[in-house]
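Asks: What follows is a single structure, and I will ask about it in a moment.
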Amino acid sequence: MRIVVLVKVVPDTNAERTLSLETGLAERATAALVADEIGERALEVALSYADAHEGTDVHVLAVGPEESTTSIRKCLAMGAASATHVVDAGLVGADLGLTAEVVAAALGRVGYDLVLAGNQSTDGMGGVLPVMVAEHLGLPSLTNLTAVTIGDAEVSGTRLSEDAAVGLSAPLPAVVSVTEALPDPRFPGFKGIMAAKKKPVEVLSLADLGLDADDLSTSRSIMLTIDARPPRGGGVKITDDDGDAAVRLSAFLAENHLI
Amino acid sequence: MTIAADSILVLLDTTPDGALAKSSAALLGAASTVGTPVALVLGDEAAAKAAAELGAATVLRAPAPDSQVGVVDALVAAAALARPDAVLASHSVDGREAAARFAVRARSGLVMDAIEVARDDQGVIARSSAYGGSYTVTSTVTHGAPVITVRQGAVEARAEARPLAEITLEVAASGVAAATTGSVEVAEKTGGRPDLRGAAKVVSGGWGLGSKEDFALVEQLADALGAAVGASRAAVDAGFVPSSAQVGQTGVQVAPQLYIALAISGAIQHLAGMQTAKTIVAINRDEDAPIFEIADFGIVGDVFTVVPQLIAEIEKAKA
Ligand SMILES: Cc1cc2nc3c(=O)[nH]c(=O)nc-3n(C[C@H](O)[C@H](O)[C@H](O)COP(=O)(O)OP(=O)(O)OC[C@H]3O[C@@H](n4cnc5c(N)ncnc54)[C@H](O)[C@@H]3O)c2cc1C
Ligand SMILES: Nc1ncnc2c1ncn2[C@@H]1O[C@H](COP(=O)(O)O)[C@@H](O)[C@H]1O
C-alpha cells in the first residue's frame with residue numbers, strides 16, 4: 001500500500017511570525033521554516049501503520065519554497081521512504097485553490113492508495129485543502145478525524161465537528177485528515193538521519209505537472225490590504241503577598257464594568 | 001418567485017437534530033450588510049421558517065443529504081438558481097469543507113475565516129485576521145462570486161425577520177464518491193454557559209490547575225462572571241477539559257471583552273488565540289511567565305488562593 005502524507009512547510013509558531021506589509025507574504029528572516037506539527041502527526045499515523053504492515057510505502061508530498069528541503073529531509077529521517085517537493089516561482093503567494101490543483105496533480109503522478117493530511121495548517125488555517133484535493137480527484141474524504149483505523153481496502157475513523165462526533169468509513173483510495181488528538185510525532189534517530197541522506201526526493205516544477213500559475217480560468221483569491229495590529233503593552237502586575245490581590249482585581253474589574 | 005439580483009447565497013449548517021446551527025443568525029446578518037440574503041436550508045419546513053425569521057429573503061430548501069457531497073450538490077443547484085454576488089458559509093468544519101468543495105467545482109475563488117464582509121466598487125470583499133490577530137487582511141477574488149467562510153461568533157450584524165418565501169430546490173446528484181456516515185454522537189452542551197466562540201468574557205485554565213477535579217475552579221470563576229470556559233492545549237492534553245475548550249493557534253480564536261488566564265504560562269501559540277481580547281487578566285505564580293507581558297492586570301500568586309477570594313469578592317460586588 002502506498003500512503004502519501006501531505007506535509008506543509010510553515011513558519012515556526014514558536015517564533016514571532018511576521019508578514020511583509022508590502023507583499024503580504026511571510027517574512028523568512030523572523031521565523032524559520034519547519035514541517036507543520038500537524039503534518040508530522042499525519043506522518044506518524046502513516047509510519048506506525050507501516051511499522052505493523054510490511055510492504056507499506058510512505059511517501060511525503062510538500063508544495064513549498066526552496067527552503068523546504070530541510071523539513072522534507074526531517075520527514076525522511078522520521079521514516080518516510082521517499083518524497084516529492086513541488087517548488088516553482090509561480091507558487092509564491094499561491095492561494096488554496098492553486099495549491100489544491102498542484103497537490104492533486106502531483107498525487108496523480110506519484111500514485112496513492114491513501115492520502116493523509118493534517119486538518120489545518122498553522123499559517124493558512126484554511127482547514128480545507130484535503131477536501132479540495134478529494135474533490136479534484138473524485139475521492140471520498142474523511143476529515144478532522146480524532147481516531148483513524150487503516151484497513152487493507154478501507155479506512156474509517158471518528159470525525160469531530162462542532163456539534164457531533166461522527167463515525168465515517170470509505171473504501172480506498174481516500175483522503176484522510178487528522179487532528180492534534182492523534183499521538184505526538186516520533187523524533188528522528190541518528191540512524192534515520194543517516195538513512196535519509198540516501199532517500200529519493202523528486203523535485204517538480206509546475207511545468208512538470210502541466211500546470212500554469214497564470215491561467216485565470218479559475219478565480220483566485222487576492223489580498224487587497226494588510227495592516228499590523230499595534231503591539232500590546234503590559235499593564236499592572238501585583239504580587240499577592242499581602243493577600244489583597246483578589247480585592248484589587250475585583251475593584252479593577254468593577255471599574256471597567258466587567259462585573 | 002424571483003430571487004433578488006443582489007443575492008448573497010448563504011449555506012446554513014444544521015445540527016444533528018435538524019435545527020439551524022447557532023452560526024445562522026450571524027451568517028444571514030453578514031449577508032444582509034452586502035446584499036439580499038438567500039438561504040440554502042437542507043432540512044425541514046421548521047428550519048426554513050427559522051431561516052426566514054433570521055432574515056432570509058428567499059429560502060431554497062432540499063432534504064438533508066446523507067453526505068458532504070450531497071451538501072455540495074445542493075450548493076451547486078442553489079448557485080445556479082440564485083446567481084449570487086457571493087456565497088457565504090460558516091467556517092465550521094462542515095461549513096468550510098462544503099464551501100471549499102463547491103469552490104473547486106465552480107472554479108470560484110475562496111476566502112477563508114472572514115470576520116467581516118463588505119462591498120467595494122468591484123464586489124464583495126472580506127476582512128480576516130492572520131497569525132492570531134497580529135495582522136488584518138482584506139481580500140477578494142479575481143473574478144466571479146467569491147466563496148467566503150465566516151468565523152463563528154465574529155459578526156454582530158443581524159438581519160430583519162422576513163415572511164417565509166420558499167423555493168423547493170431540485171438537486172442533481174453528482175455521483176462524486178463520499179464517505180459513509182455511521183454512528184453520530186451528539187457533543188455535550190456547555191451546560192448553560194456561554195459558547196466560547198463569540199463570548200464576551202472567557203475564563204481559561206492551564207496545566208497549572210493540576211487535575212480535572214481542580215479545573216472546577218476555572219468553571220466556578222466563569223460562572224460567577226457569566227463567562228465561557230477555555231483552556232490551554234496542555235490542559236486539554238492532560239484531559240482536564242474537552243478539546244472544544246482549547247484556545248489558541250490550533251484551538252478557538254477568541255476576542256472577548258475580558259479574558260482571564262489562570263495558571264497559563266502564555267506560550268506564543270496560546271497568545272495567538274486570545275491576544276485581541278480587550279482586557280486581559282492573568283494569575284500565575286511565576287512572575288516571569290510570558291502571559292504577564294500582554295496582561296492588563298497581572299497577579300503573581302497561587303490560583304488556589306487568589307481565585308476563591310476573587311469569586312467571593314465578585315459575589316459581594318454583585319449583591
Ligand atoms: C503547532 C502548535 C500548536 C499549538 N497550539 C496551541 C493552542 O492552540 N493553545 C495552547 O494553549 N497551546 C498550544 N500549543 C502549546 C503551547 O506551546 C504550550 O505548550 C501550552 O500553551 C502550554 O500550556 P500551559 O500554559 O497550560 O502550560 P505550562 O506552559 O506548563 O504552564 C503552566 C503555568 O501554570 C503556572 N502554575 C502552576 N501552578 C500554579 C498555581 N497553583 N497557581 C498559579 N500558577 C500556577 C506555572 O507557573 C506555569 O506558568 C501549541 C504548540 C504547537 C507546537
Ligand atoms: N503546500 C502544501 N503542501 C503539502 N500539504 C499541504 C500544503 N498546504 C496544505 N497541505 C495539507 O493540508 C492540510 C490542511 O491545510 P490548510 O487547508 O491550509 O489548513 C495541512 O495540514 C497539510 O496536510
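In the C-alpha cells, the first chain shown is A, the next is B, and so on; residue numbers restart at 1 for each chain, and ligands run from 1 in the order shown.
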Could I get the residue neighbourhood of ligand 1 at 7 Å, counting only C-alpha atoms and all ligand atoms, as a PyMOL selection string?
Replies: (chain A and resi 13-14+36-38+122) or (chain B and resi 205-209+231-235+246-251+262-270+273+283-286+289+301-304)
Asks: Range 111-172 of chain A: which residues are strand (DSSP E) by DSSP, as a VMD selection string?
Replies: chain A and resid 114 to 118 141 to 150 154 to 160 164 to 171
Asks: I need the chain B residues near chain A as a PyMOL selection string; criterion: at most 7 Å, counting only C-alpha atoms.
Replies: chain B and resi 15+92-94+96-97+100-101+104+107-112+131+134-144+176-187+225+249+268-269+292-301+306+309-310+313-314
Asks: Nearest to ligand 2: which of A:Arg2, A:Arg73, A:His53, A:His85 is it, counting only C-alpha atoms and all ligand atoms?
Replies: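 Distance minimum relative to ligand 2 lands on A:His85.
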Asks: Any idea what's packed within 8 Å of Gly198 in chain B, counting only C-alpha atoms, ignoring anything in its chain fewer than 4 positions away? Could you give it as a PDB file with all heavy atoms, in the first residue's frame?
Replies:
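Below is the file that was written, part.pdb:
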```
ATOM      1  N   GLN B 152     -17.114  31.909  13.277  1.00  0.00           N
ATOM      2  CA  GLN B 152     -18.256  31.854  14.198  1.00  0.00           C
ATOM      3  C   GLN B 152     -18.054  32.840  15.348  1.00  0.00           C
ATOM      4  O   GLN B 152     -16.976  32.919  15.928  1.00  0.00           O
ATOM      5  CB  GLN B 152     -18.393  30.442  14.757  1.00  0.00           C
ATOM      6  CG  GLN B 152     -18.653  29.405  13.679  1.00  0.00           C
ATOM      7  CD  GLN B 152     -18.537  27.998  14.221  1.00  0.00           C
ATOM      8  OE1 GLN B 152     -19.457  27.485  14.829  1.00  0.00           O
ATOM      9  NE2 GLN B 152     -17.386  27.379  14.009  1.00  0.00           N
ATOM     10  N   GLY B 153     -19.112  33.570  15.646  1.00  0.00           N
ATOM     11  CA  GLY B 153     -19.062  34.488  16.775  1.00  0.00           C
ATOM     12  C   GLY B 153     -18.400  35.816  16.458  1.00  0.00           C
ATOM     13  O   GLY B 153     -18.221  36.643  17.344  1.00  0.00           O
ATOM     14  N   ALA B 154     -18.010  36.058  15.187  1.00  0.00           N
ATOM     15  CA  ALA B 154     -17.263  37.279  14.870  1.00  0.00           C
ATOM     16  C   ALA B 154     -18.149  38.424  14.390  1.00  0.00           C
ATOM     17  O   ALA B 154     -17.802  39.582  14.548  1.00  0.00           O
ATOM     18  CB  ALA B 154     -16.199  36.975  13.825  1.00  0.00           C
ATOM     19  N   VAL B 254     -10.455  33.634  20.158  1.00  0.00           N
ATOM     20  CA  VAL B 254     -11.498  34.430  20.795  1.00  0.00           C
ATOM     21  C   VAL B 254     -11.068  35.900  20.848  1.00  0.00           C
ATOM     22  O   VAL B 254      -9.884  36.209  20.819  1.00  0.00           O
ATOM     23  CB  VAL B 254     -11.816  33.917  22.223  1.00  0.00           C
ATOM     24  CG1 VAL B 254     -12.362  32.499  22.164  1.00  0.00           C
ATOM     25  CG2 VAL B 254     -10.591  33.980  23.128  1.00  0.00           C
ATOM     26  N   ALA B 255     -12.053  36.783  20.920  1.00  0.00           N
ATOM     27  CA  ALA B 255     -11.771  38.221  21.015  1.00  0.00           C
ATOM     28  C   ALA B 255     -12.759  38.853  21.994  1.00  0.00           C
ATOM     29  O   ALA B 255     -13.509  39.748  21.638  1.00  0.00           O
ATOM     30  CB  ALA B 255     -11.872  38.863  19.634  1.00  0.00           C
ATOM     31  N   PRO B 256     -12.773  38.380  23.251  1.00  0.00           N
ATOM     32  CA  PRO B 256     -13.787  38.858  24.198  1.00  0.00           C
ATOM     33  C   PRO B 256     -13.440  40.222  24.810  1.00  0.00           C
ATOM     34  O   PRO B 256     -12.335  40.726  24.629  1.00  0.00           O
ATOM     35  CB  PRO B 256     -13.759  37.776  25.283  1.00  0.00           C
ATOM     36  CG  PRO B 256     -12.345  37.283  25.276  1.00  0.00           C
ATOM     37  CD  PRO B 256     -11.874  37.378  23.840  1.00  0.00           C
TER      38      PRO B 256
END
```
Asks: Would you list the contacts of Gly226 in chain B as a list in words, taking every protein, DNA or RNA residue within 12 Å and counting only C-alpha atoms, but skipping same-chain residues closer than 5 positions in sequence?
Replies: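 Skipping anything fewer than 5 positions along the chain leaves Leu258 and Ile259 of chain A; Gly192, Arg193, Pro194, Asp195, Leu196, Ala199, Ala200, Lys201, Val202, Val203, Val218, Glu219, Gln220, Leu221, Leu258, Ile311, Ile314, Glu315 and Lys318 of chain B.
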Asks: Hey, can you spit out that residue selection with N, CA and C atoms as a PDB file, in the first residue's frame?
Replies:
```pdb
ATOM      1  N   LEU A 258     -16.751  45.182  34.165  1.00  0.00           N
ATOM      2  CA  LEU A 258     -16.635  43.779  33.741  1.00  0.00           C
ATOM      3  C   LEU A 258     -17.280  42.826  34.752  1.00  0.00           C
ATOM      4  N   ILE A 259     -17.815  43.363  35.814  1.00  0.00           N
ATOM      5  CA  ILE A 259     -18.585  42.529  36.756  1.00  0.00           C
ATOM      6  C   ILE A 259     -20.053  42.904  36.610  1.00  0.00           C
TER       7      ILE A 259
ATOM      8  N   GLY B 192     -25.476  25.517  29.908  1.00  0.00           N
ATOM      9  CA  GLY B 192     -25.968  26.841  30.278  1.00  0.00           C
ATOM     10  C   GLY B 192     -24.893  27.917  30.207  1.00  0.00           C
ATOM     11  N   ARG B 193     -23.618  27.504  30.112  1.00  0.00           N
ATOM     12  CA  ARG B 193     -22.553  28.502  29.977  1.00  0.00           C
ATOM     13  C   ARG B 193     -22.532  29.041  28.558  1.00  0.00           C
ATOM     14  N   PRO B 194     -22.067  30.298  28.375  1.00  0.00           N
ATOM     15  CA  PRO B 194     -21.959  30.816  27.011  1.00  0.00           C
ATOM     16  C   PRO B 194     -20.982  29.976  26.182  1.00  0.00           C
ATOM     17  N   ASP B 195     -21.179  29.973  24.857  1.00  0.00           N
ATOM     18  CA  ASP B 195     -20.238  29.330  23.950  1.00  0.00           C
ATOM     19  C   ASP B 195     -18.939  30.110  23.948  1.00  0.00           C
ATOM     20  N   LEU B 196     -17.848  29.383  23.811  1.00  0.00           N
ATOM     21  CA  LEU B 196     -16.537  30.025  23.758  1.00  0.00           C
ATOM     22  C   LEU B 196     -16.461  31.011  22.580  1.00  0.00           C
ATOM     23  N   ALA B 199     -18.019  34.659  22.839  1.00  0.00           N
ATOM     24  CA  ALA B 199     -18.333  35.014  24.230  1.00  0.00           C
ATOM     25  C   ALA B 199     -17.759  36.392  24.570  1.00  0.00           C
ATOM     26  N   ALA B 200     -18.470  37.128  25.426  1.00  0.00           N
ATOM     27  CA  ALA B 200     -18.000  38.452  25.854  1.00  0.00           C
ATOM     28  C   ALA B 200     -16.935  38.321  26.935  1.00  0.00           C
ATOM     29  N   LYS B 201     -17.001  37.243  27.697  1.00  0.00           N
ATOM     30  CA  LYS B 201     -15.999  37.005  28.745  1.00  0.00           C
ATOM     31  C   LYS B 201     -15.554  35.550  28.671  1.00  0.00           C
ATOM     32  N   VAL B 202     -14.271  35.333  28.877  1.00  0.00           N
ATOM     33  CA  VAL B 202     -13.733  33.967  28.856  1.00  0.00           C
ATOM     34  C   VAL B 202     -12.795  33.793  30.049  1.00  0.00           C
ATOM     35  N   VAL B 203     -12.962  32.699  30.782  1.00  0.00           N
ATOM     36  CA  VAL B 203     -12.006  32.333  31.824  1.00  0.00           C
ATOM     37  C   VAL B 203     -11.353  31.022  31.387  1.00  0.00           C
ATOM     38  N   VAL B 218     -11.824  26.874  37.642  1.00  0.00           N
ATOM     39  CA  VAL B 218     -11.964  27.713  36.450  1.00  0.00           C
ATOM     40  C   VAL B 218     -13.453  27.888  36.130  1.00  0.00           C
ATOM     41  N   GLU B 219     -14.202  26.777  36.226  1.00  0.00           N
ATOM     42  CA  GLU B 219     -15.632  26.815  35.929  1.00  0.00           C
ATOM     43  C   GLU B 219     -16.375  27.681  36.938  1.00  0.00           C
ATOM     44  N   GLN B 220     -15.960  27.610  38.215  1.00  0.00           N
ATOM     45  CA  GLN B 220     -16.633  28.411  39.239  1.00  0.00           C
ATOM     46  C   GLN B 220     -16.443  29.907  38.992  1.00  0.00           C
ATOM     47  N   LEU B 221     -15.217  30.299  38.639  1.00  0.00           N
ATOM     48  CA  LEU B 221     -14.988  31.722  38.348  1.00  0.00           C
ATOM     49  C   LEU B 221     -15.771  32.129  37.101  1.00  0.00           C
ATOM     50  N   LEU B 258     -13.295  40.508  28.043  1.00  0.00           N
ATOM     51  CA  LEU B 258     -12.450  40.128  29.176  1.00  0.00           C
ATOM     52  C   LEU B 258     -11.939  38.703  29.006  1.00  0.00           C
ATOM     53  N   ILE B 311     -13.726  35.033  43.657  1.00  0.00           N
ATOM     54  CA  ILE B 311     -15.136  34.650  43.478  1.00  0.00           C
ATOM     55  C   ILE B 311     -15.975  35.288  44.588  1.00  0.00           C
ATOM     56  N   ILE B 314     -16.428  38.951  43.892  1.00  0.00           N
ATOM     57  CA  ILE B 314     -17.369  39.187  42.791  1.00  0.00           C
ATOM     58  C   ILE B 314     -18.810  39.015  43.286  1.00  0.00           C
ATOM     59  N   GLU B 315     -19.030  37.966  44.085  1.00  0.00           N
ATOM     60  CA  GLU B 315     -20.378  37.742  44.629  1.00  0.00           C
ATOM     61  C   GLU B 315     -20.804  38.951  45.472  1.00  0.00           C
ATOM     62  N   LYS B 318     -21.665  41.865  43.274  1.00  0.00           N
ATOM     63  CA  LYS B 318     -22.924  41.669  42.533  1.00  0.00           C
ATOM     64  C   LYS B 318     -24.135  41.853  43.442  1.00  0.00           C
TER      65      LYS B 318
END
```
Asks: Can you list, as a VMD selection string, all residues belonging to range 3-130 of chain A that DSSP tags as helix (DSSP H, G or I)?
Replies: chain A and resid 37 to 52 66 to 78 89 to 91 96 to 110 129 to 130
Asks: Take the residues from that selection and put them in a file with C-alpha atoms, as a PDB file, in the first residue's frame.
Replies:
```pdb
ATOM      1  CA  GLU A  37       3.396  19.821  13.547  1.00  0.00           C
ATOM      2  CA  ILE A  38       0.016  18.517  12.359  1.00  0.00           C
ATOM      3  CA  GLY A  39       1.652  17.216   9.162  1.00  0.00           C
ATOM      4  CA  GLU A  40       4.177  15.354  11.331  1.00  0.00           C
ATOM      5  CA  ARG A  41       1.279  13.834  13.269  1.00  0.00           C
ATOM      6  CA  ALA A  42      -0.257  12.664   9.987  1.00  0.00           C
ATOM      7  CA  LEU A  43       3.137  11.192   9.094  1.00  0.00           C
ATOM      8  CA  GLU A  44       3.230   9.437  12.477  1.00  0.00           C
ATOM      9  CA  VAL A  45      -0.126   7.772  11.662  1.00  0.00           C
ATOM     10  CA  ALA A  46       1.334   6.509   8.377  1.00  0.00           C
ATOM     11  CA  LEU A  47       4.616   5.374   9.945  1.00  0.00           C
ATOM     12  CA  SER A  48       3.003   3.458  12.781  1.00  0.00           C
ATOM     13  CA  TYR A  49       0.791   1.674  10.238  1.00  0.00           C
ATOM     14  CA  ALA A  50       3.900   0.910   8.165  1.00  0.00           C
ATOM     15  CA  ASP A  51       5.712  -0.404  11.275  1.00  0.00           C
ATOM     16  CA  ALA A  52       2.981  -3.006  11.688  1.00  0.00           C
ATOM     17  CA  GLU A  66      13.183  26.019  -1.954  1.00  0.00           C
ATOM     18  CA  GLU A  67      13.974  26.190   1.786  1.00  0.00           C
ATOM     19  CA  SER A  68      11.514  23.359   2.472  1.00  0.00           C
ATOM     20  CA  THR A  69      14.269  20.798   1.809  1.00  0.00           C
ATOM     21  CA  THR A  70      15.463  20.569   5.421  1.00  0.00           C
ATOM     22  CA  SER A  71      11.942  19.859   6.666  1.00  0.00           C
ATOM     23  CA  ILE A  72      11.394  17.259   3.940  1.00  0.00           C
ATOM     24  CA  ARG A  73      14.647  15.548   4.950  1.00  0.00           C
ATOM     25  CA  LYS A  74      13.416  15.502   8.525  1.00  0.00           C
ATOM     26  CA  CYS A  75      10.287  13.615   7.395  1.00  0.00           C
ATOM     27  CA  LEU A  76      12.533  11.091   5.636  1.00  0.00           C
ATOM     28  CA  ALA A  77      14.645  10.799   8.792  1.00  0.00           C
ATOM     29  CA  MET A  78      11.478  10.041  10.759  1.00  0.00           C
ATOM     30  CA  ALA A  89       8.407  30.704  -8.631  1.00  0.00           C
ATOM     31  CA  GLY A  90       4.798  30.723  -9.862  1.00  0.00           C
ATOM     32  CA  LEU A  91       3.690  29.339  -6.497  1.00  0.00           C
ATOM     33  CA  LEU A  96      -5.736  27.404  -1.582  1.00  0.00           C
ATOM     34  CA  GLY A  97      -7.291  26.808  -4.995  1.00  0.00           C
ATOM     35  CA  LEU A  98      -3.974  26.748  -6.844  1.00  0.00           C
ATOM     36  CA  THR A  99      -2.275  24.750  -4.079  1.00  0.00           C
ATOM     37  CA  ALA A 100      -5.048  22.144  -4.237  1.00  0.00           C
ATOM     38  CA  GLU A 101      -4.654  21.840  -8.024  1.00  0.00           C
ATOM     39  CA  VAL A 102      -0.924  21.342  -7.601  1.00  0.00           C
ATOM     40  CA  VAL A 103      -1.295  18.758  -4.827  1.00  0.00           C
ATOM     41  CA  ALA A 104      -3.913  16.864  -6.833  1.00  0.00           C
ATOM     42  CA  ALA A 105      -1.744  16.860  -9.969  1.00  0.00           C
ATOM     43  CA  ALA A 106       1.310  15.726  -8.013  1.00  0.00           C
ATOM     44  CA  LEU A 107      -0.696  12.944  -6.371  1.00  0.00           C
ATOM     45  CA  GLY A 108      -1.787  11.784  -9.811  1.00  0.00           C
ATOM     46  CA  ARG A 109       1.841  11.477 -10.794  1.00  0.00           C
ATOM     47  CA  VAL A 110       3.086   9.895  -7.563  1.00  0.00           C
ATOM     48  CA  LEU A 129      -7.032  21.701   1.398  1.00  0.00           C
ATOM     49  CA  PRO A 130      -7.662  17.959   1.944  1.00  0.00           C
TER      50      PRO A 130
END
```
Asks: Mind giving me the straight-line distance from CA of Lys316 in chain B to CA of Val229 in chain B in Å, one decimal?
Replies: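 One can read the CA of Lys316 in chain B to CA of Val229 in chain B distance as 21.9 Å.
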Asks: Which of these, A:Leu25, A:Ala32, A:Val92, A:Ala117, has the shortest distance to Ile3 in chain A once you count only C-alpha atoms?
Replies: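 Residue with the minimum atom-to-atom distance to Ile3 in chain A: A:Ala117.
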Asks: For ligand 2, which residue among B:Ile260, B:Leu54, B:Ile291, B:Asp113 is the nearest when counting only C-alpha atoms and all ligand atoms?
Replies: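 Under the stated criterion, the closest residue is B:Asp113.
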Asks: Nearest to ligand 2: which of B:Ala62, B:Gly133, B:Ile167, B:His91 is it, counting only C-alpha atoms and all ligand atoms?
Replies: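 Among the listed residues, the smallest separation from ligand 2 belongs to B:His91.
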Asks: In terms of the shortest atom-to-atom distance over only C-alpha atoms and all ligand atoms, which of A:Ala26, A:Ala31, A:Leu116, A:Leu182 is closest to ligand 2?
Replies: A:Leu116
Asks: What is the distance, in Å and to one decimal place, between CA of Val147 in chain B and CA of Ala89 in chain B?
Replies: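 That distance, rounded to one decimal, is 7.9 Å.
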Asks: Just checking: using only C-alpha atoms, which residue out of A:Val60, A:Val115, A:Ala153, A:Val87 ends up closest to Val201 in chain A?
Replies: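 The closest residue to Val201 in chain A is A:Val60.
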Asks: Would you kindly return, as a PyMOL selection string, each protein, DNA or RNA residue with an atom no farther than 12 Å from any atom of range 79-85 of chain B, considering only C-alpha atoms and excluding same-chain residues fewer than 4 positions away?
Replies: chain B and resi 1-11+31+34-40+57-61+72-75+99+102-103+105-106+108+118-119+122-125+140-141+143-148+167-172
